[in-house]
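Structure data (compact mmCIF, C-alpha atoms) from structure_20.txt:
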```txt
# COMPACT_ATOMS: atom_id res chain seq x y z
CA MET D 1 188.72 241.87 143.29
CA ALA D 2 191.46 243.06 145.63
CA ALA D 3 194.00 240.46 146.76
CA SER D 4 193.29 241.34 150.41
CA GLU D 5 189.68 240.18 149.98
CA LEU D 6 190.49 236.67 148.72
CA SER D 7 190.90 235.09 152.16
CA VAL D 8 187.48 236.42 153.13
CA VAL D 9 185.70 235.32 149.95
CA LEU D 10 187.26 231.91 149.26
CA PRO D 11 186.60 228.85 151.44
CA ARG D 12 189.41 227.48 153.61
CA VAL D 13 190.99 224.03 153.33
CA LEU D 14 193.15 222.90 156.25
CA ILE D 15 196.30 220.89 155.44
CA VAL D 16 198.60 219.56 158.16
CA SER D 17 202.29 219.99 157.44
CA ARG D 18 204.94 217.29 157.56
CA ARG D 19 208.16 217.78 159.50
CA THR D 20 211.66 217.26 158.15
CA VAL D 21 215.19 218.32 159.06
CA ARG D 22 217.02 221.01 157.10
CA LYS D 23 220.34 222.50 158.23
CA ASN D 24 219.96 220.74 161.60
CA LYS D 25 216.57 222.41 162.19
CA PHE D 26 213.03 221.10 161.88
CA VAL D 27 211.12 222.50 158.89
CA ASP D 28 207.39 222.10 158.21
CA PHE D 29 206.31 221.59 154.59
CA VAL D 30 203.40 220.59 152.34
CA GLY D 31 203.77 219.26 148.79
CA GLU D 32 203.25 222.08 146.31
CA TYR D 33 201.12 219.99 143.95
CA HIS D 34 198.40 219.84 146.62
CA LEU D 35 198.50 223.61 147.14
CA ASP D 36 198.43 224.37 143.42
CA LEU D 37 195.35 222.24 142.78
CA ILE D 38 193.43 223.58 145.79
CA VAL D 39 194.08 227.19 144.72
CA SER D 40 193.37 226.53 141.03
CA TYR D 41 189.89 225.17 141.80
CA GLY D 42 188.87 228.05 144.04
CA ALA D 43 189.83 227.49 147.67
CA VAL D 44 192.56 228.74 150.02
CA PRO D 45 194.92 226.22 151.64
CA VAL D 46 195.53 226.95 155.33
CA ILE D 47 198.57 225.08 156.62
CA VAL D 48 198.28 223.67 160.14
CA PRO D 49 201.85 223.44 161.47
CA ARG D 50 203.00 220.21 163.06
CA VAL D 51 203.95 221.94 166.31
CA SER D 52 203.55 220.59 169.84
CA GLY D 53 200.21 221.59 171.34
CA VAL D 54 198.50 222.53 168.07
CA HIS D 55 195.98 219.69 168.56
CA MET D 56 194.55 221.78 171.44
CA LEU D 57 194.28 224.91 169.27
CA LEU D 58 192.27 223.62 166.31
CA GLU D 59 189.34 225.95 167.10
CA SER D 60 191.69 228.82 166.24
CA PHE D 61 191.64 227.61 162.63
CA GLU D 62 187.87 228.08 162.29
CA PRO D 63 186.03 228.42 160.02
CA ILE D 64 186.96 225.07 158.49
CA HIS D 65 185.34 224.39 155.12
CA GLY D 66 187.43 221.37 154.14
CA VAL D 67 190.35 219.20 155.26
CA LEU D 68 193.01 217.64 153.02
CA LEU D 69 195.39 215.22 154.73
CA CYS D 70 198.24 213.80 152.69
CA GLU D 71 201.69 212.27 153.13
CA GLY D 72 203.54 211.57 156.36
CA GLU D 73 205.08 208.93 158.59
CA ASP D 74 203.44 205.68 159.72
CA ILE D 75 200.52 206.05 162.12
CA ASP D 76 201.26 204.89 165.67
CA PRO D 77 200.28 201.17 165.62
CA SER D 78 198.82 201.45 169.13
CA LEU D 79 195.98 203.51 167.63
CA TYR D 80 194.68 200.62 165.51
CA ASP D 81 196.67 197.40 166.08
CA ASP D 82 194.85 194.22 167.03
CA GLU D 83 195.81 190.75 168.23
CA SER D 84 195.85 189.38 164.69
CA ASN D 85 199.25 190.96 164.00
CA HIS D 86 201.97 188.34 164.41
CA LEU D 87 205.09 190.23 163.31
CA SER D 88 208.10 189.34 165.40
CA PRO D 89 210.37 192.00 166.98
CA GLU D 90 213.06 191.04 164.43
CA GLU D 91 210.66 191.63 161.54
CA ILE D 92 209.57 194.98 162.95
CA GLU D 93 213.21 196.05 163.25
CA GLU D 94 213.81 194.95 159.64
CA ILE D 95 210.85 197.08 158.53
CA ARG D 96 212.27 200.10 160.36
CA LYS D 97 215.62 199.74 158.60
CA GLN D 98 214.00 199.27 155.18
CA HIS D 99 211.63 202.26 155.52
CA VAL D 100 213.62 204.65 157.70
CA SER D 101 211.85 207.85 156.65
CA ASP D 102 208.35 206.42 157.26
CA THR D 103 208.68 204.38 160.45
CA ALA D 104 209.62 207.28 162.76
CA ILE D 105 206.28 207.71 164.57
CA ASP D 106 205.07 211.31 164.94
CA LYS D 107 202.46 211.22 167.72
CA GLU D 108 201.72 214.96 167.56
CA LYS D 109 200.86 214.72 163.85
CA ASP D 110 198.75 211.63 164.59
CA THR D 111 196.78 213.51 167.25
CA ILE D 112 196.24 216.61 165.10
CA GLU D 113 195.09 214.67 162.05
CA LEU D 114 192.88 212.20 163.89
CA ARG D 115 191.08 215.06 165.62
CA LEU D 116 190.57 216.86 162.32
CA ALA D 117 189.27 213.67 160.71
CA LYS D 118 186.80 213.11 163.56
CA LEU D 119 185.73 216.75 163.36
CA CYS D 120 184.96 216.32 159.65
CA LEU D 121 182.95 213.18 160.35
CA GLU D 122 180.97 214.91 163.11
CA ARG D 123 180.16 218.04 161.10
CA ASN D 124 180.12 216.51 157.59
CA ILE D 125 183.00 218.79 156.58
CA PRO D 126 184.46 217.72 153.19
CA TYR D 127 187.52 215.49 153.70
CA LEU D 128 190.04 214.18 151.16
CA GLY D 129 192.72 211.77 152.40
CA ILE D 130 195.69 211.01 150.15
CA CYS D 131 198.05 208.12 151.04
CA ARG D 132 198.57 208.48 154.81
CA GLY D 133 195.45 210.71 154.89
CA SER D 134 193.32 207.77 153.72
CA GLN D 135 194.80 205.60 156.46
CA VAL D 136 194.07 208.30 159.07
CA LEU D 137 190.43 208.40 157.91
CA ASN D 138 190.07 204.62 158.17
CA VAL D 139 191.66 204.49 161.64
CA ALA D 140 189.48 207.40 162.83
CA CYS D 141 186.42 205.29 162.00
CA GLY D 142 187.67 202.10 163.67
CA GLY D 143 189.47 200.45 160.75
CA THR D 144 192.93 198.82 160.92
CA LEU D 145 196.12 198.81 158.83
CA TYR D 146 198.76 196.38 157.65
CA ARG D 147 201.93 197.21 159.58
CA ASP D 148 203.89 196.22 156.48
CA ILE D 149 202.28 195.01 153.25
CA GLU D 150 205.23 192.85 152.21
CA LYS D 151 205.47 190.95 155.49
CA ASP D 152 201.83 191.08 156.55
CA LEU D 153 200.11 190.42 153.20
CA SER D 154 202.40 189.63 150.24
CA ARG D 155 204.30 186.71 151.76
CA ASN D 156 201.06 184.72 152.01
CA LEU D 157 200.24 185.20 148.30
CA PRO D 158 201.35 183.31 145.18
CA GLN D 159 204.00 185.11 143.12
CA ASP D 160 201.58 186.19 140.37
CA LYS D 161 199.41 188.00 142.94
CA LYS D 162 202.18 189.97 144.64
CA VAL D 163 202.40 193.72 144.01
CA VAL D 164 205.33 196.09 144.60
CA HIS D 165 203.87 199.07 146.46
CA ILE D 166 207.09 201.06 146.85
CA ASP D 167 210.24 201.16 144.71
CA TYR D 168 212.97 203.42 146.07
CA ASP D 169 215.08 202.97 142.92
CA ASN D 170 212.28 204.17 140.64
CA TYR D 171 210.38 206.30 143.11
CA ASP D 172 208.23 208.71 141.06
CA ASN D 173 207.93 206.59 137.93
CA HIS D 174 206.87 203.33 139.60
CA ARG D 175 203.31 202.25 138.73
CA HIS D 176 201.11 199.22 139.39
CA ILE D 177 197.64 198.22 138.18
CA VAL D 178 194.46 198.78 140.18
CA LYS D 179 190.98 197.56 139.32
CA ILE D 180 188.28 200.20 139.68
CA ILE D 181 184.85 199.30 141.03
CA GLU D 182 181.94 200.19 138.78
CA ASN D 183 179.59 203.09 139.66
CA THR D 184 181.97 204.68 142.14
CA PRO D 185 183.42 208.20 141.90
CA LEU D 186 186.73 206.77 140.61
CA HIS D 187 184.82 205.00 137.84
CA TYR D 188 183.21 208.26 136.69
CA TRP D 189 186.49 210.21 136.92
CA PHE D 190 188.54 207.72 134.87
CA LYS D 191 185.83 206.23 132.64
CA ASP D 192 187.25 207.82 129.47
CA SER D 193 190.59 206.07 130.13
CA LEU D 194 189.17 202.58 130.79
CA GLU D 195 189.13 199.86 128.15
CA ASP D 196 185.77 198.24 127.44
CA ASP D 197 186.68 194.82 128.83
CA LYS D 198 188.84 196.11 131.70
CA MET D 199 188.31 198.45 134.61
CA GLU D 200 192.00 199.10 135.21
CA ILE D 201 194.40 202.01 135.43
CA CYS D 202 198.04 202.25 136.53
CA VAL D 203 198.68 204.27 139.67
CA ASN D 204 201.80 205.45 141.49
CA SER D 205 202.69 203.95 144.85
CA TYR D 206 204.79 205.28 147.74
CA HIS D 207 203.64 203.25 150.73
CA HIS D 208 204.55 200.12 152.69
CA GLN D 209 201.35 200.17 154.76
CA GLY D 210 197.69 200.04 153.76
CA VAL D 211 194.11 199.38 154.80
CA LYS D 212 193.64 195.96 156.40
CA LYS D 213 190.11 196.10 157.79
CA LEU D 214 188.02 198.82 156.15
CA ALA D 215 185.78 200.75 158.56
CA GLN D 216 182.13 199.74 158.22
CA ARG D 217 180.85 203.08 156.88
CA PHE D 218 183.11 202.98 153.80
CA VAL D 219 182.82 201.30 150.40
CA PRO D 220 185.90 200.30 148.34
CA MET D 221 186.48 202.05 145.00
CA ALA D 222 189.60 200.20 143.78
CA PHE D 223 191.80 197.19 144.55
CA SER D 224 195.34 196.24 143.55
CA HIS D 225 195.94 192.66 142.35
CA ASP D 226 197.01 191.53 145.83
CA GLY D 227 193.61 192.55 147.21
CA LEU D 228 194.75 195.77 148.90
CA ILE D 229 192.15 198.55 148.94
CA GLU D 230 193.48 201.50 146.93
CA GLY D 231 190.52 203.85 147.36
CA PHE D 232 187.30 204.11 149.38
CA TYR D 233 184.52 206.58 150.19
CA ASP D 234 181.34 207.05 152.21
CA PRO D 235 178.44 206.88 149.71
CA ASP D 236 176.09 208.49 152.24
CA ALA D 237 178.44 211.46 152.54
CA TYR D 238 179.28 211.97 148.87
CA ASN D 239 177.51 214.67 146.91
CA PRO D 240 179.93 217.49 146.00
CA GLU D 241 177.13 219.76 144.78
CA GLU D 242 175.60 219.62 148.28
CA GLY D 243 178.91 220.01 150.10
CA LYS D 244 179.39 216.31 150.91
CA PHE D 245 182.73 214.57 150.34
CA ILE D 246 184.40 211.93 152.56
CA MET D 247 187.05 209.94 150.67
CA GLY D 248 190.44 208.25 150.93
CA LEU D 249 192.88 207.41 148.11
CA GLN D 250 196.00 205.34 148.75
CA PHE D 251 197.73 206.58 145.58
CA HIS D 252 198.73 210.16 144.69
CA PRO D 253 196.70 211.40 141.67
CA GLU D 254 198.36 214.83 141.95
CA ARG D 255 201.77 213.21 141.23
CA MET D 256 200.66 210.90 138.42
CA ARG D 257 202.47 212.90 135.74
CA GLN D 258 204.56 211.90 132.77
CA GLN D 259 208.31 211.97 133.25
CA ASP D 260 209.91 215.44 133.02
CA THR D 261 206.55 217.10 132.27
CA ASP D 262 203.50 218.35 134.15
CA GLU D 263 201.14 216.39 131.89
CA PHE D 264 198.96 213.97 133.86
CA ASP D 265 198.86 210.24 133.11
CA TYR D 266 195.06 210.42 132.77
CA PRO D 267 192.57 213.30 132.41
CA GLY D 268 190.81 212.00 135.55
CA CYS D 269 193.82 212.55 137.81
CA THR D 270 192.70 216.05 138.83
CA PHE D 271 189.04 215.17 139.39
CA ALA D 272 189.54 214.17 143.03
CA TYR D 273 190.74 217.71 143.83
CA GLN D 274 188.19 219.36 141.54
CA GLU D 275 185.23 217.55 143.12
CA PHE D 276 186.66 217.99 146.62
CA VAL D 277 186.93 221.76 146.20
CA LYS D 278 183.45 221.82 144.65
CA ALA D 279 182.17 220.24 147.86
CA VAL D 280 184.20 222.71 149.95
CA VAL D 281 182.66 225.67 148.10
CA ALA D 282 179.14 224.24 148.53
CA TYR D 283 179.75 223.57 152.22
CA ASN D 284 180.92 227.16 152.69
CA LYS D 285 177.77 228.45 151.00
CA LYS D 286 175.60 226.35 153.31
CA LEU D 287 177.33 227.85 156.33
CA SER D 288 176.99 231.36 154.92
CA THR D 289 173.26 231.06 154.23
CA SER D 290 172.61 229.68 157.72
CA VAL D 291 173.93 232.91 159.25
CA LYS D 292 171.32 235.65 159.04
CA LYS D 293 172.84 238.99 158.13
CA PRO D 294 171.40 242.10 159.81
CA ILE D 295 169.00 244.11 157.68
CA LYS D 296 170.56 247.26 156.28
CA LEU D 297 168.22 250.24 155.99
CA ASN D 298 168.55 252.86 153.31
CA GLN D 299 169.36 256.43 154.32
CA GLU D 300 165.73 257.60 154.47
CA MET D 301 164.52 254.63 156.55
CA GLU D 302 167.48 254.94 158.91
CA LYS D 303 166.60 258.60 159.47
CA LYS D 304 162.98 257.70 160.30
CA ARG D 305 164.17 254.95 162.67
CA LYS D 306 166.35 257.42 164.59
CA ILE D 307 163.46 259.91 164.89
CA ILE D 308 161.12 257.19 166.27
CA VAL D 309 163.78 255.94 168.71
CA ARG D 310 164.35 259.52 169.96
CA SER D 311 160.59 259.98 170.35
CA PHE D 312 160.28 256.90 172.54
CA SER D 313 163.36 257.91 174.50
CA LEU D 314 161.84 261.30 175.32
CA ALA D 315 158.54 259.69 176.30
CA ARG D 316 160.33 257.27 178.62
CA ASN D 317 162.24 260.10 180.32
CA ILE D 318 158.98 261.98 180.95
CA TYR D 319 157.29 258.85 182.34
CA GLU D 320 160.18 257.81 184.58
CA GLY D 321 161.04 261.31 185.81
CA SER D 322 157.47 262.66 186.02
CA SER D 323 158.90 265.85 184.56
CA GLN D 324 157.25 268.43 182.36
CA MET D 325 158.34 268.76 178.76
CA HIS D 326 159.25 272.02 177.06
CA PRO D 327 156.53 273.00 174.56
CA SER D 328 159.08 273.30 171.73
CA LYS D 329 159.90 269.59 172.08
CA GLU D 330 156.34 268.29 172.20
CA SER D 331 156.36 267.83 168.43
CA ASP D 332 159.18 265.29 168.85
CA LEU D 333 156.65 262.90 170.36
CA ASP D 334 154.49 262.94 167.22
CA ALA D 335 156.66 260.42 165.37
CA GLY D 336 156.33 257.89 168.20
CA ALA D 337 152.58 258.48 168.46
CA GLU D 338 152.10 257.95 164.72
CA PHE D 339 154.16 254.75 164.86
CA LEU D 340 152.05 253.37 167.71
CA GLU D 341 148.78 254.24 165.97
CA SER D 342 149.83 252.37 162.83
CA ASN D 343 151.09 249.30 164.72
CA THR D 344 148.53 248.71 167.48
CA ALA D 345 146.40 246.10 165.71
CA LEU D 346 147.43 242.64 166.89
CA SER D 347 146.62 239.35 165.24
CA ILE D 348 145.20 236.44 167.26
CA GLN D 349 148.60 234.76 167.12
CA GLN D 350 150.35 237.88 168.47
CA GLU D 351 147.81 238.22 171.31
CA THR D 352 148.35 234.55 172.19
CA ARG D 353 152.08 235.09 172.20
CA LEU D 354 151.74 238.09 174.55
CA ILE D 355 149.64 235.99 176.93
CA GLU D 356 152.33 233.31 176.86
CA MET D 357 154.98 235.93 177.61
CA GLY D 358 152.91 237.16 180.57
CA ALA D 359 152.65 233.61 181.89
CA THR D 360 156.42 233.30 181.64
CA VAL D 361 156.88 236.42 183.75
CA ARG D 362 154.37 235.20 186.37
CA ASN D 363 156.29 231.96 186.63
CA GLY D 364 159.50 233.79 187.53
CA CYS D 365 159.77 232.04 190.91
CA SER D 366 159.75 228.65 189.21
CA TYR D 367 162.44 229.87 186.86
CA LEU D 368 164.67 230.91 189.76
CA GLU D 369 164.29 227.46 191.29
CA LYS D 370 165.43 225.90 188.02
CA LEU D 371 168.44 228.22 187.99
CA LYS D 372 169.39 227.02 191.46
CA MET D 373 169.06 223.41 190.32
CA ASN D 374 171.23 224.16 187.27
CA GLU D 375 173.91 225.63 189.54
CA GLU D 376 173.99 222.39 191.54
CA ARG D 377 174.25 220.36 188.34
CA GLU D 378 177.04 222.61 187.10
CA GLY D 379 178.99 222.03 190.32
CA LEU D 380 178.62 218.27 189.92
CA ALA D 381 179.67 218.44 186.26
CA ARG D 382 182.79 220.43 187.17
CA LYS D 383 183.79 217.75 189.68
CA ILE D 384 183.36 214.98 187.12
CA MET D 385 185.22 216.87 184.38
CA GLY D 386 188.04 217.66 186.78
CA LYS D 387 188.81 213.94 186.82
CA MET D 388 188.74 213.56 183.01
CA SER D 389 191.85 213.55 180.80
CA VAL D 390 192.68 216.31 178.30
CA GLU D 391 191.74 214.06 175.35
CA GLN D 392 188.40 213.11 176.96
CA LEU D 393 187.58 216.77 177.57
CA SER D 394 188.54 217.67 174.01
CA ASP D 395 186.33 214.92 172.56
CA LEU D 396 183.47 215.98 174.87
CA LYS D 397 183.81 219.59 173.71
CA SER D 398 183.77 218.52 170.04
CA PHE D 399 180.59 216.51 170.68
CA TYR D 400 178.76 219.44 172.29
CA ASN D 401 179.93 221.79 169.52
CA MET D 402 178.29 219.44 167.05
CA MET D 403 175.10 219.24 169.17
CA GLY D 404 175.04 223.03 169.45
CA GLN D 405 175.25 223.37 165.68
CA ILE D 406 172.39 220.88 165.19
CA CYS D 407 170.33 222.68 167.87
CA CYS D 408 170.84 226.03 166.11
CA GLU D 409 169.73 224.59 162.78
CA VAL D 410 166.57 223.01 164.25
CA LEU D 411 165.79 226.14 166.30
CA GLU D 412 166.19 228.32 163.23
CA ARG D 413 163.72 226.16 161.28
CA LYS D 414 161.17 226.26 164.11
CA LEU D 415 161.49 230.04 164.49
CA GLN D 416 161.08 230.46 160.75
CA ASP D 417 157.90 228.36 160.91
CA ILE D 418 156.57 230.67 163.65
CA VAL D 419 157.41 233.76 161.57
CA ASN D 420 155.68 232.27 158.52
CA GLU D 421 152.64 231.43 160.61
CA VAL D 422 152.39 234.96 162.02
CA ALA D 423 152.87 236.48 158.56
CA SER D 424 150.04 234.37 157.14
```
Full structure transcribed into structure tokens:
Amino acid sequence: MAASELSVVLPRVLIVSRRTVRKNKFVDFVGEYHLDLIVSYGAVPVIVPRVSGVHMLLESFEPIHGVLLCEGEDIDPSLYDDESNHLSPEEIEEIRKQHVSDTAIDKEKDTIELRLAKLCLERNIPYLGICRGSQVLNVACGGTLYRDIEKDLSRNLPQDKKVVHIDYDNYDNHRHIVKIIENTPLHYWFKDSLEDDKMEICVNSYHHQGVKKLAQRFVPMAFSHDGLIEGFYDPDAYNPEEGKFIMGLQFHPERMRQQDTDEFDYPGCTFAYQEFVKAVVAYNKKLSTSVKKPIKLNQEMEKKRKIIVRSFSLARNIYEGSSQMHPSKESDLDAGAEFLESNTALSIQQETRLIEMGATVRNGCSYLEKLKMNEEREGLARKIMGKMSVEQLSDLKSFYNMMGQICCEVLERKLQDIVNEVAS
């Protein structure tokens, strides 16, 4: 297969970049481990740049077959915070100094990723959230976060229950234990690495925030010893073979590798990406089969079609112009005549349909009145929308895109039923 054809054949996974400073300039980047795994399992990563205004251009990245959201700064607390948070201004300032690289809020990235997450939830597009990406998914569904695990959770626990979730002095090699919930995807992925009397593995940890209140639609898959949720998924939207995958992992399985090697800590570390891409591929196939491709005629049939079309064209010219036809061209009408003779018999269903079509034409006046009414409604809608904010309009457009897709699917099924009925 030619390299130029890969982007057409393989499904597309959107990944939003993270911004950093290099040589006094902003640079967008995505961790290479993510890209390697997506490509190795049969999809193409499409990087969505963290650039101002991109959240209004997400339709330009269609078709979207999957979304992978990964690392990044803290989510703007105003998007999820509730009255139960009692951190003082001094404590918040202390958190900012301790986690400088994470506490610089990036509102543009928040907006891009939250819109992508909501789009996936609306259309059932496969979604995998790693670390920050899992937090984005939870917030998009109405969940909340701990502003800082150490100050918001750990300080209320006995010493033997406290867990270190980030260690800057031992960044990539730091691990802590999580308990996996039975009969969840994580259980099946890591089952060969679990001891009989324990459901535990050691995971890496690079975060100072985490899920506080889990959104109602999700089910936990793993907990750390301090009670923090380390993984969750939507069981009603999980079936990779059917293109369903909505999941968030707080740890980074792609980076759980032994020191100075690329060997993974556990065989199950890659399964999240493998199953995610499997769902992406299946989702792409569902979209492809829902689009009816035009029928291609072979050379002989195409030649006959052109002769018949020309025959009808000549007949129409004679009828409309009331002109005489040259005798040498009279034979050109034979093909059209033969076609009509072989296709004049109508079934009862076809006759009924023609009667219905005639009734539709006779009711043309009523149709024009409805058009006028629609114009008035359109004018009213424009006035209302003119008062709406950009975000409200964007959400409204996403909703109607989803409804349009559902309408097309239902309409296609109904039309197919009609075709089957006529054929029988």
Can you list every residue of stretch 146-176 of chain D that has an atom at most 6 Å from stretch 206-218 of chain D, with its nearest atom pair and the distance in Å to one decimal, using all atoms listed in the file, ordered by chain then number, as JSON lines?
```
{"residue": "D:Tyr146", "atom": "CA", "partner": "D:Lys212", "partner_atom": "CA", "distance": 5.3}
{"residue": "D:Arg147", "atom": "CA", "partner": "D:Gln209", "partner_atom": "CA", "distance": 5.7}
{"residue": "D:Asp148", "atom": "CA", "partner": "D:Gln209", "partner_atom": "CA", "distance": 5.0}
{"residue": "D:Ile149", "atom": "CA", "partner": "D:Gln209", "partner_atom": "CA", "distance": 5.5}
{"residue": "D:His165", "atom": "CA", "partner": "D:His207", "partner_atom": "CA", "distance": 6.0}
{"residue": "D:Ile166", "atom": "CA", "partner": "D:Tyr206", "partner_atom": "CA", "distance": 4.9}
```
Box for stretch 49-58 of chain D - axis-aligned, 5 Å on each of the six sides, all listed atoms - centre and size in Å to one decimal, as lines of an AutoDock Vina configuration file.
```
center_x = 198.1
center_y = 222.3
center_z = 166.5
size_x = 21.7
size_y = 15.2
size_z = 20.0
```
Original post:
Do you have the atom CA of D:His99-atom CA of D:Asp74 distance handy?
Top reply: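 Calculated distance between atom CA of D:His99 and atom CA of D:Asp74 is 9.8 Å.
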Subject >> Shell of 12 Å around D:Ile406, all atoms listed in the file, local chain residues under 5 positions omitted, as a ChimeraX atom specification >> reply: /D:122-124,290,399-401,411-413
Original post:
Got a sec: who's within 12 Å of D:Asp395, counting only C-alpha atoms, leaving out chain neighbours fewer than 4 positions off, as a PyMOL selection string?
Top reply: chain D and resi 55-56+111+114-116+118-119+122+388-391+399-402
Original post:
Between atom CA of D:Gln250 and atom CA of D:Gly227, what is the spacing in Å?
Top reply: 13.1 Å
**OP:** May I ask which of the residues D:Tyr80, D:Phe190, D:Lys107, D:Phe276 is the closest one to D:Gly53, counting only C-alpha atoms?
**Re:**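 The closest residue to D:Gly53 is D:Lys107.
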Subject >> Minimum-distance residue to D:Asp265, chosen among D:Ser78, D:Ser205, D:Asn284, D:Ser193 (using all atoms listed in the file) >> reply: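 Looking only at the distances to D:Asp265, the closest residue turns out to be D:Ser193.
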Subject >> Atom pair atom CA of D:Glu91 / atom CA of D:Asn173: separation (Å) >> reply: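 Taking atom CA of D:Glu91 as the start and atom CA of D:Asn173 as the end point, the length is 28.1 Å.
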Please identify all polymer residues within 10 Å of D:Asp106, counting all atoms listed in the file, omitting same-chain residues fewer than 5 positions from it, and present them as a compact mmCIF listing (two decimals) with C-alpha atoms, in the coordinates of the input.
```txt
# COMPACT_ATOMS: atom_id res chain seq x y z
CA ARG D 18 204.94 217.29 157.56
CA ARG D 19 208.16 217.78 159.50
CA ARG D 50 203.00 220.21 163.06
CA GLY D 72 203.54 211.57 156.36
CA GLU D 73 205.08 208.93 158.59
CA ASP D 74 203.44 205.68 159.72
CA ILE D 75 200.52 206.05 162.12
CA ASP D 76 201.26 204.89 165.67
CA THR D 111 196.78 213.51 167.25
```
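With all atoms listed in the file taken into account, every residue lying no more than 12 Å from the file point (177.6, 210.2, 149.7) is included here: Asn124, Pro126, Tyr127, Thr184, Pro185, Arg217, Phe218, Val219, Phe232, Tyr233, Asp234, Pro235, Asp236, Ala237, Tyr238, Asn239, Pro240, Glu241, Glu242, Gly243, Lys244, Phe245, Ile246, Met247 and Ala279 of chain D.
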Would you export the selected residues with C-alpha atoms as a PDB file, in the coordinates of the input, please?
```
ATOM      1  CA  ASN D 124     180.120 216.510 157.590  1.00  0.00           C
ATOM      2  CA  PRO D 126     184.460 217.720 153.190  1.00  0.00           C
ATOM      3  CA  TYR D 127     187.520 215.490 153.700  1.00  0.00           C
ATOM      4  CA  THR D 184     181.970 204.680 142.140  1.00  0.00           C
ATOM      5  CA  PRO D 185     183.420 208.200 141.900  1.00  0.00           C
ATOM      6  CA  ARG D 217     180.850 203.080 156.880  1.00  0.00           C
ATOM      7  CA  PHE D 218     183.110 202.980 153.800  1.00  0.00           C
ATOM      8  CA  VAL D 219     182.820 201.300 150.400  1.00  0.00           C
ATOM      9  CA  PHE D 232     187.300 204.110 149.380  1.00  0.00           C
ATOM     10  CA  TYR D 233     184.520 206.580 150.190  1.00  0.00           C
ATOM     11  CA  ASP D 234     181.340 207.050 152.210  1.00  0.00           C
ATOM     12  CA  PRO D 235     178.440 206.880 149.710  1.00  0.00           C
ATOM     13  CA  ASP D 236     176.090 208.490 152.240  1.00  0.00           C
ATOM     14  CA  ALA D 237     178.440 211.460 152.540  1.00  0.00           C
ATOM     15  CA  TYR D 238     179.280 211.970 148.870  1.00  0.00           C
ATOM     16  CA  ASN D 239     177.510 214.670 146.910  1.00  0.00           C
ATOM     17  CA  PRO D 240     179.930 217.490 146.000  1.00  0.00           C
ATOM     18  CA  GLU D 241     177.130 219.760 144.780  1.00  0.00           C
ATOM     19  CA  GLU D 242     175.600 219.620 148.280  1.00  0.00           C
ATOM     20  CA  GLY D 243     178.910 220.010 150.100  1.00  0.00           C
ATOM     21  CA  LYS D 244     179.390 216.310 150.910  1.00  0.00           C
ATOM     22  CA  PHE D 245     182.730 214.570 150.340  1.00  0.00           C
ATOM     23  CA  ILE D 246     184.400 211.930 152.560  1.00  0.00           C
ATOM     24  CA  MET D 247     187.050 209.940 150.670  1.00  0.00           C
ATOM     25  CA  ALA D 279     182.170 220.240 147.860  1.00  0.00           C
TER      26      ALA D 279
END
```
Subject >> Proximity to D:Val164 - best of D:Asn183, D:Gln274, D:Ser134, D:Ser224, only C-alpha atoms >> reply: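 Checking each candidate against D:Val164, we get D:Ser224 as the closest.
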Subject >> Contacts of D:Tyr273 within 12 Å, all atoms listed in the file, excl. fewer than 5 positions in-chain, as a ChimeraX atom specification >> reply: /D:13,33-43,66-68,126-130,189,240,245,247-249,252-254,268,278-280
Subject >> Residue among D:Val16, D:Ile64, D:Val27, D:Cys70 lying closest to D:Val48, counting all atoms listed in the file >> reply: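 Residue with the minimum atom-to-atom distance to D:Val48: D:Val16.
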**OP:** Rank D:Ser288, D:Asn138, D:Gln405, D:Gln416 by their smallest atom-to-atom distance to D:Pro220, using only C-alpha atoms, and report the top residue only.
**Re:** D:Asn138
Near D:Arg257, within 10 Å and counting only C-alpha atoms, which residues show up once chain neighbours fewer than 2 positions away are dropped, as a JSON list (two decimals) with C-alpha atoms, in the frame of the given file?
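The new file result-v9.json reads:
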```json
[["chain", "number", "residue", "atom", "x", "y", "z"],
["D", 172, "ASP", "CA", 208.23, 208.71, 141.06],
["D", 173, "ASN", "CA", 207.93, 206.59, 137.93],
["D", 204, "ASN", "CA", 201.80, 205.45, 141.49],
["D", 253, "PRO", "CA", 196.70, 211.40, 141.67],
["D", 254, "GLU", "CA", 198.36, 214.83, 141.95],
["D", 255, "ARG", "CA", 201.77, 213.21, 141.23],
["D", 259, "GLN", "CA", 208.31, 211.97, 133.25],
["D", 260, "ASP", "CA", 209.91, 215.44, 133.02],
["D", 261, "THR", "CA", 206.55, 217.10, 132.27],
["D", 262, "ASP", "CA", 203.50, 218.35, 134.15],
["D", 263, "GLU", "CA", 201.14, 216.39, 131.89],
["D", 264, "PHE", "CA", 198.96, 213.97, 133.86],
["D", 265, "ASP", "CA", 198.86, 210.24, 133.11],
["D", 266, "TYR", "CA", 195.06, 210.42, 132.77],
["D", 269, "CYS", "CA", 193.82, 212.55, 137.81]]
```
